[in-house]
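S.K.: Sharing structure.cif below, mmCIF, N, CA and C atoms:
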data_upload
#
loop_
_atom_site.label_atom_id
_atom_site.label_comp_id
_atom_site.auth_asym_id
_atom_site.auth_seq_id
_atom_site.Cartn_x
_atom_site.Cartn_y
_atom_site.Cartn_z
N MET P 296 -21.38 -62.62 -4.06
CA MET P 296 -21.52 -61.56 -3.10
C MET P 296 -22.26 -62.05 -1.86
N LYS P 297 -23.32 -62.88 -2.06
CA LYS P 297 -24.07 -63.40 -0.93
C LYS P 297 -23.18 -64.28 -0.06
N LYS P 298 -22.32 -65.08 -0.72
CA LYS P 298 -21.43 -65.97 0.04
C LYS P 298 -20.46 -65.16 0.87
N LEU P 299 -19.96 -64.06 0.32
CA LEU P 299 -19.03 -63.21 1.05
C LEU P 299 -19.71 -62.57 2.25
N SER P 300 -20.95 -62.11 2.07
CA SER P 300 -21.71 -61.52 3.19
C SER P 300 -21.97 -62.56 4.26
N LEU P 301 -22.35 -63.76 3.85
CA LEU P 301 -22.61 -64.83 4.80
C LEU P 301 -21.34 -65.21 5.56
N LEU P 302 -20.22 -65.26 4.88
CA LEU P 302 -18.95 -65.58 5.51
C LEU P 302 -18.57 -64.49 6.52
N GLY P 303 -18.77 -63.23 6.15
CA GLY P 303 -18.47 -62.12 7.06
C GLY P 303 -19.33 -62.17 8.31
N LEU P 304 -20.61 -62.48 8.13
CA LEU P 304 -21.52 -62.58 9.26
C LEU P 304 -21.14 -63.73 10.18
N THR P 305 -20.73 -64.86 9.60
CA THR P 305 -20.31 -66.02 10.39
C THR P 305 -19.08 -65.68 11.22
N VAL P 306 -18.12 -64.99 10.63
CA VAL P 306 -16.91 -64.60 11.35
C VAL P 306 -17.26 -63.65 12.49
N LEU P 307 -18.14 -62.71 12.22
CA LEU P 307 -18.55 -61.74 13.24
C LEU P 307 -19.25 -62.42 14.41
N LEU P 308 -20.16 -63.34 14.13
CA LEU P 308 -20.85 -64.06 15.19
C LEU P 308 -19.87 -64.92 15.99
N GLY P 309 -18.93 -65.53 15.34
CA GLY P 309 -17.91 -66.34 16.03
C GLY P 309 -17.08 -65.48 16.96
N ALA P 310 -16.73 -64.27 16.53
CA ALA P 310 -15.96 -63.36 17.38
C ALA P 310 -16.77 -62.94 18.59
N CYS P 311 -18.06 -62.69 18.40
CA CYS P 311 -18.92 -62.31 19.54
C CYS P 311 -19.01 -63.44 20.54
N GLN P 312 -19.13 -64.67 20.07
CA GLN P 312 -19.21 -65.81 20.98
C GLN P 312 -17.92 -65.99 21.76
N SER P 313 -16.78 -65.81 21.12
CA SER P 313 -15.52 -66.00 21.83
C SER P 313 -15.32 -64.91 22.87
N MET P 314 -15.85 -63.70 22.64
CA MET P 314 -15.75 -62.64 23.62
C MET P 314 -16.62 -62.94 24.83
N GLN P 315 -17.78 -63.53 24.62
CA GLN P 315 -18.69 -63.84 25.71
C GLN P 315 -18.19 -65.02 26.53
N SER P 316 -17.44 -65.92 25.98
CA SER P 316 -17.03 -67.11 26.70
C SER P 316 -15.62 -66.99 27.26
N ALA P 317 -15.19 -65.77 27.58
CA ALA P 317 -13.89 -65.57 28.19
C ALA P 317 -13.87 -66.31 29.52
N PRO P 318 -12.75 -66.97 29.83
CA PRO P 318 -12.70 -67.74 31.07
C PRO P 318 -12.83 -66.82 32.28
N LYS P 319 -13.63 -67.24 33.23
CA LYS P 319 -13.83 -66.48 34.46
C LYS P 319 -13.17 -67.22 35.61
N ALA P 320 -12.69 -66.45 36.55
CA ALA P 320 -12.19 -67.01 37.80
C ALA P 320 -13.09 -66.49 38.90
N SER P 321 -13.02 -67.07 40.08
CA SER P 321 -13.92 -66.63 41.14
C SER P 321 -13.27 -66.70 42.51
N LEU P 322 -13.88 -65.94 43.41
CA LEU P 322 -13.52 -65.96 44.82
C LEU P 322 -14.80 -66.23 45.60
N ASP P 323 -14.73 -67.18 46.50
CA ASP P 323 -15.87 -67.49 47.37
C ASP P 323 -15.46 -67.22 48.80
N GLY P 324 -16.42 -66.82 49.61
CA GLY P 324 -16.09 -66.56 50.99
C GLY P 324 -17.31 -66.30 51.85
N GLU P 325 -17.02 -65.81 53.06
CA GLU P 325 -18.05 -65.53 54.04
C GLU P 325 -17.75 -64.19 54.72
N VAL P 326 -18.80 -63.43 54.96
CA VAL P 326 -18.71 -62.19 55.72
C VAL P 326 -19.26 -62.48 57.11
N PHE P 327 -18.53 -62.02 58.13
CA PHE P 327 -18.99 -62.24 59.50
C PHE P 327 -18.67 -61.04 60.37
N TYR P 328 -19.31 -60.98 61.54
CA TYR P 328 -18.99 -59.97 62.54
C TYR P 328 -18.99 -60.65 63.90
N LEU P 329 -18.36 -59.99 64.88
CA LEU P 329 -18.19 -60.60 66.20
C LEU P 329 -19.30 -60.25 67.18
N GLN P 330 -20.07 -59.21 66.92
CA GLN P 330 -21.15 -58.81 67.82
C GLN P 330 -22.21 -59.91 67.90
N ARG P 331 -22.80 -60.02 69.05
CA ARG P 331 -23.87 -61.02 69.24
C ARG P 331 -25.20 -60.34 68.96
N SER P 332 -25.50 -60.18 67.71
CA SER P 332 -26.77 -59.58 67.31
C SER P 332 -27.23 -60.20 66.00
N THR P 333 -28.52 -60.16 65.78
CA THR P 333 -29.07 -60.70 64.53
C THR P 333 -29.38 -59.54 63.58
N LEU P 334 -29.37 -59.86 62.32
CA LEU P 334 -29.68 -58.86 61.30
C LEU P 334 -31.18 -58.87 61.01
N PRO P 335 -31.76 -57.69 60.84
CA PRO P 335 -33.18 -57.65 60.48
C PRO P 335 -33.39 -58.09 59.03
N PRO P 336 -34.61 -58.43 58.67
CA PRO P 336 -34.87 -58.91 57.32
C PRO P 336 -34.61 -57.86 56.23
N THR P 337 -34.49 -56.59 56.59
CA THR P 337 -34.25 -55.54 55.60
C THR P 337 -32.76 -55.30 55.35
N ALA P 338 -31.89 -56.08 55.98
CA ALA P 338 -30.44 -55.90 55.82
C ALA P 338 -30.00 -56.29 54.41
N THR P 339 -29.02 -55.54 53.88
CA THR P 339 -28.43 -55.86 52.58
C THR P 339 -26.92 -56.00 52.73
N LEU P 340 -26.35 -56.88 51.94
CA LEU P 340 -24.92 -57.14 51.94
C LEU P 340 -24.33 -56.72 50.60
N SER P 341 -23.21 -56.01 50.65
CA SER P 341 -22.46 -55.66 49.44
C SER P 341 -21.03 -56.13 49.64
N VAL P 342 -20.53 -56.90 48.70
CA VAL P 342 -19.14 -57.37 48.73
C VAL P 342 -18.54 -57.03 47.37
N SER P 343 -17.33 -56.43 47.38
CA SER P 343 -16.73 -56.07 46.10
C SER P 343 -15.26 -56.46 46.04
N LEU P 344 -14.84 -56.78 44.83
CA LEU P 344 -13.44 -57.05 44.50
C LEU P 344 -12.93 -55.83 43.77
N GLN P 345 -11.85 -55.21 44.31
CA GLN P 345 -11.39 -53.94 43.77
C GLN P 345 -9.89 -53.94 43.50
N ASP P 346 -9.51 -53.18 42.49
CA ASP P 346 -8.11 -52.85 42.23
C ASP P 346 -7.83 -51.59 43.04
N VAL P 347 -7.00 -51.71 44.08
CA VAL P 347 -6.72 -50.58 44.99
C VAL P 347 -5.28 -50.09 44.82
N SER P 348 -4.76 -50.21 43.63
CA SER P 348 -3.36 -49.86 43.36
C SER P 348 -3.06 -48.38 43.46
N LEU P 349 -3.98 -47.54 43.05
CA LEU P 349 -3.73 -46.11 43.02
C LEU P 349 -4.25 -45.44 44.28
N ALA P 350 -3.34 -44.88 45.08
CA ALA P 350 -3.71 -44.27 46.35
C ALA P 350 -4.52 -42.98 46.17
N ASP P 351 -4.30 -42.27 45.08
CA ASP P 351 -4.95 -40.98 44.89
C ASP P 351 -6.13 -41.04 43.91
N ALA P 352 -6.65 -42.24 43.68
CA ALA P 352 -7.77 -42.40 42.74
C ALA P 352 -8.75 -43.41 43.31
N PRO P 353 -10.01 -43.33 42.91
CA PRO P 353 -10.98 -44.31 43.39
C PRO P 353 -10.59 -45.73 42.94
N ALA P 354 -10.93 -46.70 43.77
CA ALA P 354 -10.67 -48.10 43.42
C ALA P 354 -11.50 -48.49 42.20
N ILE P 355 -10.96 -49.40 41.41
CA ILE P 355 -11.67 -49.92 40.24
C ILE P 355 -12.33 -51.23 40.65
N VAL P 356 -13.64 -51.31 40.51
CA VAL P 356 -14.40 -52.50 40.91
C VAL P 356 -14.36 -53.52 39.78
N LEU P 357 -13.83 -54.71 40.07
CA LEU P 357 -13.82 -55.80 39.10
C LEU P 357 -15.11 -56.61 39.16
N ASP P 358 -15.68 -56.76 40.36
CA ASP P 358 -16.98 -57.43 40.51
C ASP P 358 -17.57 -57.03 41.85
N GLU P 359 -18.89 -57.09 41.92
CA GLU P 359 -19.59 -56.75 43.14
C GLU P 359 -20.83 -57.62 43.27
N GLN P 360 -21.07 -58.07 44.48
CA GLN P 360 -22.30 -58.81 44.79
C GLN P 360 -23.10 -57.97 45.77
N LYS P 361 -24.34 -57.69 45.43
CA LYS P 361 -25.24 -56.90 46.28
C LYS P 361 -26.55 -57.64 46.39
N GLY P 362 -27.13 -57.59 47.58
CA GLY P 362 -28.44 -58.19 47.70
C GLY P 362 -28.92 -58.30 49.12
N GLN P 363 -30.16 -58.70 49.25
CA GLN P 363 -30.80 -58.90 50.53
C GLN P 363 -30.08 -60.01 51.28
N VAL P 364 -29.88 -59.82 52.57
CA VAL P 364 -29.25 -60.84 53.41
C VAL P 364 -30.24 -61.99 53.58
N LYS P 365 -29.74 -63.19 53.39
CA LYS P 365 -30.56 -64.39 53.58
C LYS P 365 -29.96 -65.16 54.75
N GLY P 366 -30.59 -65.09 55.90
CA GLY P 366 -30.08 -65.79 57.08
C GLY P 366 -29.20 -64.88 57.93
N GLN P 367 -28.36 -65.50 58.72
CA GLN P 367 -27.49 -64.78 59.63
C GLN P 367 -26.04 -65.13 59.32
N VAL P 368 -25.12 -64.45 60.01
CA VAL P 368 -23.68 -64.67 59.77
C VAL P 368 -23.30 -66.10 60.12
N PRO P 369 -22.35 -66.65 59.38
CA PRO P 369 -21.61 -66.04 58.27
C PRO P 369 -22.45 -65.98 57.00
N LEU P 370 -22.25 -64.88 56.24
CA LEU P 370 -23.00 -64.63 55.02
C LEU P 370 -22.14 -64.98 53.81
N PRO P 371 -22.55 -65.95 53.01
CA PRO P 371 -21.72 -66.37 51.87
C PRO P 371 -21.73 -65.34 50.74
N PHE P 372 -20.64 -65.31 49.98
CA PHE P 372 -20.59 -64.48 48.78
C PHE P 372 -19.79 -65.19 47.70
N HIS P 373 -20.01 -64.76 46.46
CA HIS P 373 -19.33 -65.30 45.29
C HIS P 373 -19.02 -64.14 44.36
N LEU P 374 -17.74 -63.96 44.04
CA LEU P 374 -17.31 -62.90 43.13
C LEU P 374 -16.62 -63.54 41.93
N SER P 375 -16.92 -63.07 40.74
CA SER P 375 -16.29 -63.55 39.51
C SER P 375 -15.49 -62.42 38.87
N TYR P 376 -14.41 -62.78 38.22
CA TYR P 376 -13.61 -61.78 37.52
C TYR P 376 -12.93 -62.42 36.32
N ASP P 377 -12.52 -61.58 35.42
CA ASP P 377 -11.82 -62.01 34.22
C ASP P 377 -10.32 -61.96 34.52
N PRO P 378 -9.62 -63.08 34.51
CA PRO P 378 -8.18 -63.06 34.80
C PRO P 378 -7.39 -62.13 33.88
N ALA P 379 -7.92 -61.83 32.70
CA ALA P 379 -7.23 -60.92 31.77
C ALA P 379 -7.22 -59.49 32.32
N GLN P 380 -8.13 -59.18 33.27
CA GLN P 380 -8.17 -57.84 33.87
C GLN P 380 -7.11 -57.68 34.97
N VAL P 381 -6.56 -58.77 35.46
CA VAL P 381 -5.57 -58.72 36.53
C VAL P 381 -4.25 -58.26 35.95
N LYS P 382 -3.72 -57.17 36.51
CA LYS P 382 -2.50 -56.57 35.99
C LYS P 382 -1.33 -56.84 36.93
N PRO P 383 -0.19 -57.24 36.39
CA PRO P 383 0.99 -57.48 37.24
C PRO P 383 1.36 -56.22 38.01
N GLY P 384 1.71 -56.39 39.28
CA GLY P 384 2.12 -55.26 40.09
C GLY P 384 0.98 -54.49 40.73
N HIS P 385 -0.27 -54.81 40.39
CA HIS P 385 -1.41 -54.13 40.99
C HIS P 385 -1.81 -54.83 42.28
N ARG P 386 -2.50 -54.10 43.15
CA ARG P 386 -2.98 -54.64 44.42
C ARG P 386 -4.50 -54.77 44.36
N TYR P 387 -4.99 -55.91 44.86
CA TYR P 387 -6.43 -56.19 44.84
C TYR P 387 -6.92 -56.50 46.25
N SER P 388 -8.16 -56.13 46.51
CA SER P 388 -8.71 -56.27 47.85
C SER P 388 -10.21 -56.58 47.77
N VAL P 389 -10.71 -57.26 48.79
CA VAL P 389 -12.14 -57.54 48.92
C VAL P 389 -12.66 -56.74 50.10
N SER P 390 -13.76 -56.04 49.90
CA SER P 390 -14.37 -55.28 50.98
C SER P 390 -15.86 -55.61 51.06
N ALA P 391 -16.43 -55.37 52.24
CA ALA P 391 -17.84 -55.70 52.45
C ALA P 391 -18.49 -54.66 53.34
N ARG P 392 -19.80 -54.57 53.19
CA ARG P 392 -20.59 -53.67 54.04
C ARG P 392 -21.99 -54.25 54.19
N ILE P 393 -22.59 -53.98 55.34
CA ILE P 393 -23.97 -54.39 55.61
C ILE P 393 -24.74 -53.13 55.96
N GLU P 394 -25.84 -52.93 55.26
CA GLU P 394 -26.71 -51.78 55.50
C GLU P 394 -28.09 -52.27 55.91
N VAL P 395 -28.76 -51.45 56.72
CA VAL P 395 -30.15 -51.72 57.10
C VAL P 395 -30.96 -50.48 56.78
N ASP P 396 -31.92 -50.63 55.90
CA ASP P 396 -32.76 -49.51 55.46
C ASP P 396 -31.92 -48.33 54.98
N GLY P 397 -30.84 -48.62 54.25
CA GLY P 397 -29.98 -47.58 53.70
C GLY P 397 -28.97 -47.01 54.67
N LYS P 398 -28.98 -47.46 55.92
CA LYS P 398 -28.04 -46.98 56.92
C LYS P 398 -26.91 -47.99 57.11
N LEU P 399 -25.67 -47.52 57.03
CA LEU P 399 -24.51 -48.39 57.18
C LEU P 399 -24.43 -48.91 58.61
N MET P 400 -24.36 -50.24 58.77
CA MET P 400 -24.29 -50.85 60.10
C MET P 400 -22.93 -51.52 60.34
N PHE P 401 -22.38 -52.20 59.32
CA PHE P 401 -21.11 -52.90 59.43
C PHE P 401 -20.30 -52.64 58.18
N ILE P 402 -18.96 -52.56 58.34
CA ILE P 402 -18.07 -52.35 57.19
C ILE P 402 -16.71 -52.95 57.48
N THR P 403 -15.99 -53.33 56.44
CA THR P 403 -14.62 -53.81 56.64
C THR P 403 -13.75 -52.64 57.08
N THR P 404 -12.91 -52.90 58.06
CA THR P 404 -12.00 -51.87 58.55
C THR P 404 -10.54 -52.27 58.34
N GLU P 405 -10.33 -53.46 57.85
CA GLU P 405 -8.98 -53.95 57.54
C GLU P 405 -8.90 -54.29 56.06
N ASN P 406 -7.69 -54.23 55.54
CA ASN P 406 -7.46 -54.60 54.14
C ASN P 406 -7.49 -56.12 54.02
N HIS P 407 -8.30 -56.62 53.11
CA HIS P 407 -8.37 -58.05 52.83
C HIS P 407 -7.79 -58.28 51.43
N ALA P 408 -6.46 -58.31 51.38
CA ALA P 408 -5.75 -58.42 50.11
C ALA P 408 -5.91 -59.81 49.50
N VAL P 409 -6.03 -59.83 48.18
CA VAL P 409 -6.04 -61.08 47.43
C VAL P 409 -5.05 -60.94 46.28
N GLN P 410 -4.48 -62.06 45.86
CA GLN P 410 -3.47 -62.06 44.81
C GLN P 410 -4.07 -62.29 43.42
N LEU P 411 -5.20 -62.97 43.37
CA LEU P 411 -5.88 -63.31 42.11
C LEU P 411 -4.98 -64.13 41.18
N ASP P 412 -4.18 -64.99 41.78
CA ASP P 412 -3.29 -65.86 41.01
C ASP P 412 -3.75 -67.31 41.06
N GLY P 413 -4.96 -67.53 41.57
CA GLY P 413 -5.49 -68.89 41.69
C GLY P 413 -5.06 -69.59 42.96
N LYS P 414 -4.27 -68.93 43.79
CA LYS P 414 -3.77 -69.55 45.02
C LYS P 414 -4.34 -68.92 46.28
N ASP P 415 -5.30 -68.00 46.14
CA ASP P 415 -5.91 -67.39 47.31
C ASP P 415 -6.68 -68.45 48.08
N PRO P 416 -6.51 -68.49 49.43
CA PRO P 416 -7.25 -69.49 50.22
C PRO P 416 -8.74 -69.21 50.15
N GLN P 417 -9.51 -70.27 49.94
CA GLN P 417 -10.95 -70.11 49.87
C GLN P 417 -11.60 -71.14 50.77
N PRO P 418 -12.66 -70.84 51.46
CA PRO P 418 -13.38 -69.58 51.38
C PRO P 418 -12.64 -68.46 52.13
N LEU P 419 -12.75 -67.25 51.57
CA LEU P 419 -12.20 -66.07 52.22
C LEU P 419 -13.07 -65.75 53.44
N LYS P 420 -12.45 -65.29 54.49
CA LYS P 420 -13.18 -64.89 55.71
C LYS P 420 -13.03 -63.38 55.84
N ILE P 421 -14.11 -62.65 55.63
CA ILE P 421 -14.09 -61.19 55.65
C ILE P 421 -14.86 -60.70 56.89
N ARG P 422 -14.12 -60.09 57.82
CA ARG P 422 -14.76 -59.56 59.03
C ARG P 422 -15.20 -58.12 58.81
N VAL P 423 -16.41 -57.81 59.23
CA VAL P 423 -16.90 -56.44 59.21
C VAL P 423 -17.10 -56.00 60.65
N ASP P 424 -16.89 -54.70 60.90
CA ASP P 424 -17.03 -54.16 62.24
C ASP P 424 -18.21 -53.19 62.27
N ALA P 425 -18.82 -53.07 63.45
CA ALA P 425 -19.96 -52.19 63.62
C ALA P 425 -19.55 -50.74 63.44
N VAL P 426 -20.44 -49.97 62.83
CA VAL P 426 -20.24 -48.53 62.65
C VAL P 426 -20.90 -47.87 63.85
N ARG P 427 -20.19 -46.95 64.45
CA ARG P 427 -20.73 -46.28 65.66
C ARG P 427 -21.27 -44.93 65.33
#
Could you spell out this file's structure in structure tokens?

M.R.:
Amino acid sequence: MKKLSLLGLTVLLGACQSMQSAPKASLDGEVFYLQRSTLPPTATLSVSLQDVSLADAPAIVLDEQKGQVKGQVPLPFHLSYDPAQVKPGHRYSVSARIEVDGKLMFITTENHAVQLDGKDPQPLKIRVDAVR
């Protein structure tokens, strides 16, 4: 009985490890804007990879990077995703926003489509425009 319990536990732990080590793919890029201005030290950058297939439903976020801006534009980002989540026929996009003290200052205004087939050009160049 002890051997059977030990064997069951070993199988369970092996399954957990294989779930954690699922292969990840990534997108690297830079966020930039055309205005000649510097960002204050309180600025934050959010970049997300989304499934935007359904027009009448919120986008599904596959990964998001959020954090304090370090330096000035171009601002680097790194997004990871599980290729098993990529569905044939779906549309995927990368969007970005820059906020200062909780106030939106810059946001993507164009669709930045990605295929997630391993052939997307990297680094991605994501332009954000000033919010008026």

S.K.: Name the residues within 9 Å of (-15.4, -70.4, 36.0), counting only C-alpha atoms in the file's coordinates, and put them as a VMD selection string.

M.R.: chain P and resid 318 to 321 375 to 376

S.K.: Residues of stretch 353-406 of chain P that have any atom at most 12 Å from an atom of stretch 411-418 of chain P: could you tabulate them with the shortest-distance atom pair and the distance in Å to one decimal, using only C-alpha atoms, ordered by chain and increasing number, as a tab-separated table?

M.R.:
residue	atom	partner	partner_atom	distance
P:Leu357	CA	P:Leu411	CA	11.3
P:Pro369	CA	P:Pro418	CA	11.3
P:Leu370	CA	P:Pro418	CA	11.4
P:Pro371	CA	P:Pro418	CA	8.9
P:Phe372	CA	P:Pro418	CA	9.2
P:His373	CA	P:Pro418	CA	9.5
P:Leu374	CA	P:Pro418	CA	11.3
P:Ser375	CA	P:Leu411	CA	10.7
P:Tyr376	CA	P:Leu411	CA	9.1
P:Asp377	CA	P:Leu411	CA	10.0
P:Pro378	CA	P:Leu411	CA	7.7
P:Ala379	CA	P:Leu411	CA	10.7
P:Gln380	CA	P:Leu411	CA	10.2
P:Val381	CA	P:Leu411	CA	7.2
P:Lys382	CA	P:Leu411	CA	9.7
P:Pro383	CA	P:Asp412	CA	10.1
P:Gly384	CA	P:Leu411	CA	11.5
P:His385	CA	P:Leu411	CA	10.3
P:Arg386	CA	P:Leu411	CA	9.4
P:Tyr387	CA	P:Leu411	CA	7.6
P:Ser388	CA	P:Leu411	CA	9.5
P:Val389	CA	P:Leu411	CA	10.9

S.K.: Can you work out the spacing between atom CA of P:Gln410 and atom N of P:Gln367 in Å, to one decimal?

M.R.: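 It comes out at 28.7 Å.
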
S.K.: Can you tell me, as a tab-separated table (two decimals) with N, CA and C atoms, keeping the file's coordinate frame, what residues are no more than 8 Å from P:Ser341 when counting all atoms listed in the file, ignoring any on the same chain fewer than 5 positions away?

M.R.:
chain	number	residue	atom	x	y	z
P	359	GLU	N	-18.89	-57.09	41.92
P	359	GLU	CA	-19.59	-56.75	43.14
P	359	GLU	C	-20.83	-57.62	43.27
P	360	GLN	N	-21.07	-58.07	44.48
P	360	GLN	CA	-22.30	-58.81	44.79
P	360	GLN	C	-23.10	-57.97	45.77
P	361	LYS	N	-24.34	-57.69	45.43
P	361	LYS	CA	-25.24	-56.90	46.28
P	361	LYS	C	-26.55	-57.64	46.39
P	362	GLY	N	-27.13	-57.59	47.58
P	362	GLY	CA	-28.44	-58.19	47.70
P	362	GLY	C	-28.92	-58.30	49.12
P	363	GLN	N	-30.16	-58.70	49.25
P	363	GLN	CA	-30.80	-58.90	50.53
P	363	GLN	C	-30.08	-60.01	51.28
P	364	VAL	N	-29.88	-59.82	52.57
P	364	VAL	CA	-29.25	-60.84	53.41
P	364	VAL	C	-30.24	-61.99	53.58
P	390	SER	N	-13.76	-56.04	49.90
P	390	SER	CA	-14.37	-55.28	50.98
P	390	SER	C	-15.86	-55.61	51.06
P	391	ALA	N	-16.43	-55.37	52.24
P	391	ALA	CA	-17.84	-55.70	52.45
P	391	ALA	C	-18.49	-54.66	53.34
P	392	ARG	N	-19.80	-54.57	53.19
P	392	ARG	CA	-20.59	-53.67	54.04
P	392	ARG	C	-21.99	-54.25	54.19
P	393	ILE	N	-22.59	-53.98	55.34
P	393	ILE	CA	-23.97	-54.39	55.61
P	393	ILE	C	-24.74	-53.13	55.96
P	394	GLU	N	-25.84	-52.93	55.26
P	394	GLU	CA	-26.71	-51.78	55.50
P	394	GLU	C	-28.09	-52.27	55.91

S.K.: Mind checking DSSP for chain P and telling me the strand (DSSP E) residues as a ChimeraX atom specification?

M.R.: /P:320-327,338-346,355-363,370-376,387-395,398-402,408-409,419-422,424-425

S.K.: Rebuild N, CA, C and O atoms on stretch 397-411 of chain P, as an mmCIF file, in the coordinates of the input?

M.R.:
data_model
loop_
_atom_site.group_PDB
_atom_site.id
_atom_site.type_symbol
_atom_site.label_atom_id
_atom_site.label_comp_id
_atom_site.auth_asym_id
_atom_site.auth_seq_id
_atom_site.Cartn_x
_atom_site.Cartn_y
_atom_site.Cartn_z
ATOM 1 N N GLY P 397 -30.840 -48.620 54.250
ATOM 2 C CA GLY P 397 -29.980 -47.580 53.700
ATOM 3 C C GLY P 397 -28.970 -47.010 54.670
ATOM 4 O O GLY P 397 -28.146 -46.179 54.298
ATOM 5 N N LYS P 398 -28.980 -47.460 55.920
ATOM 6 C CA LYS P 398 -28.040 -46.980 56.920
ATOM 7 C C LYS P 398 -26.910 -47.990 57.110
ATOM 8 O O LYS P 398 -27.169 -49.173 57.350
ATOM 9 N N LEU P 399 -25.670 -47.520 57.030
ATOM 10 C CA LEU P 399 -24.510 -48.390 57.180
ATOM 11 C C LEU P 399 -24.430 -48.910 58.610
ATOM 12 O O LEU P 399 -24.427 -48.116 59.560
ATOM 13 N N MET P 400 -24.360 -50.240 58.770
ATOM 14 C CA MET P 400 -24.290 -50.850 60.100
ATOM 15 C C MET P 400 -22.930 -51.520 60.340
ATOM 16 O O MET P 400 -22.403 -51.446 61.445
ATOM 17 N N PHE P 401 -22.380 -52.200 59.320
ATOM 18 C CA PHE P 401 -21.110 -52.900 59.430
ATOM 19 C C PHE P 401 -20.300 -52.640 58.180
ATOM 20 O O PHE P 401 -20.853 -52.538 57.079
ATOM 21 N N ILE P 402 -18.960 -52.560 58.340
ATOM 22 C CA ILE P 402 -18.070 -52.350 57.190
ATOM 23 C C ILE P 402 -16.710 -52.950 57.480
ATOM 24 O O ILE P 402 -16.316 -53.082 58.654
ATOM 25 N N THR P 403 -15.990 -53.330 56.440
ATOM 26 C CA THR P 403 -14.620 -53.810 56.640
ATOM 27 C C THR P 403 -13.750 -52.640 57.080
ATOM 28 O O THR P 403 -13.864 -51.537 56.541
ATOM 29 N N THR P 404 -12.910 -52.900 58.060
ATOM 30 C CA THR P 404 -12.000 -51.870 58.550
ATOM 31 C C THR P 404 -10.540 -52.270 58.340
ATOM 32 O O THR P 404 -9.646 -51.489 58.630
ATOM 33 N N GLU P 405 -10.330 -53.460 57.850
ATOM 34 C CA GLU P 405 -8.980 -53.950 57.540
ATOM 35 C C GLU P 405 -8.900 -54.290 56.060
ATOM 36 O O GLU P 405 -9.902 -54.609 55.423
ATOM 37 N N ASN P 406 -7.690 -54.230 55.540
ATOM 38 C CA ASN P 406 -7.460 -54.600 54.140
ATOM 39 C C ASN P 406 -7.490 -56.120 54.020
ATOM 40 O O ASN P 406 -6.792 -56.820 54.748
ATOM 41 N N HIS P 407 -8.300 -56.620 53.110
ATOM 42 C CA HIS P 407 -8.370 -58.050 52.830
ATOM 43 C C HIS P 407 -7.790 -58.280 51.430
ATOM 44 O O HIS P 407 -8.523 -58.387 50.438
ATOM 45 N N ALA P 408 -6.460 -58.310 51.380
ATOM 46 C CA ALA P 408 -5.750 -58.420 50.110
ATOM 47 C C ALA P 408 -5.910 -59.810 49.500
ATOM 48 O O ALA P 408 -5.937 -60.815 50.218
ATOM 49 N N VAL P 409 -6.030 -59.830 48.180
ATOM 50 C CA VAL P 409 -6.040 -61.080 47.430
ATOM 51 C C VAL P 409 -5.050 -60.940 46.280
ATOM 52 O O VAL P 409 -4.806 -59.843 45.782
ATOM 53 N N GLN P 410 -4.480 -62.060 45.860
ATOM 54 C CA GLN P 410 -3.470 -62.060 44.810
ATOM 55 C C GLN P 410 -4.070 -62.290 43.420
ATOM 56 O O GLN P 410 -3.482 -61.893 42.419
ATOM 57 N N LEU P 411 -5.200 -62.970 43.370
ATOM 58 C CA LEU P 411 -5.880 -63.310 42.110
ATOM 59 C C LEU P 411 -4.980 -64.130 41.180
ATOM 60 O O LEU P 411 -5.023 -63.994 39.962
#
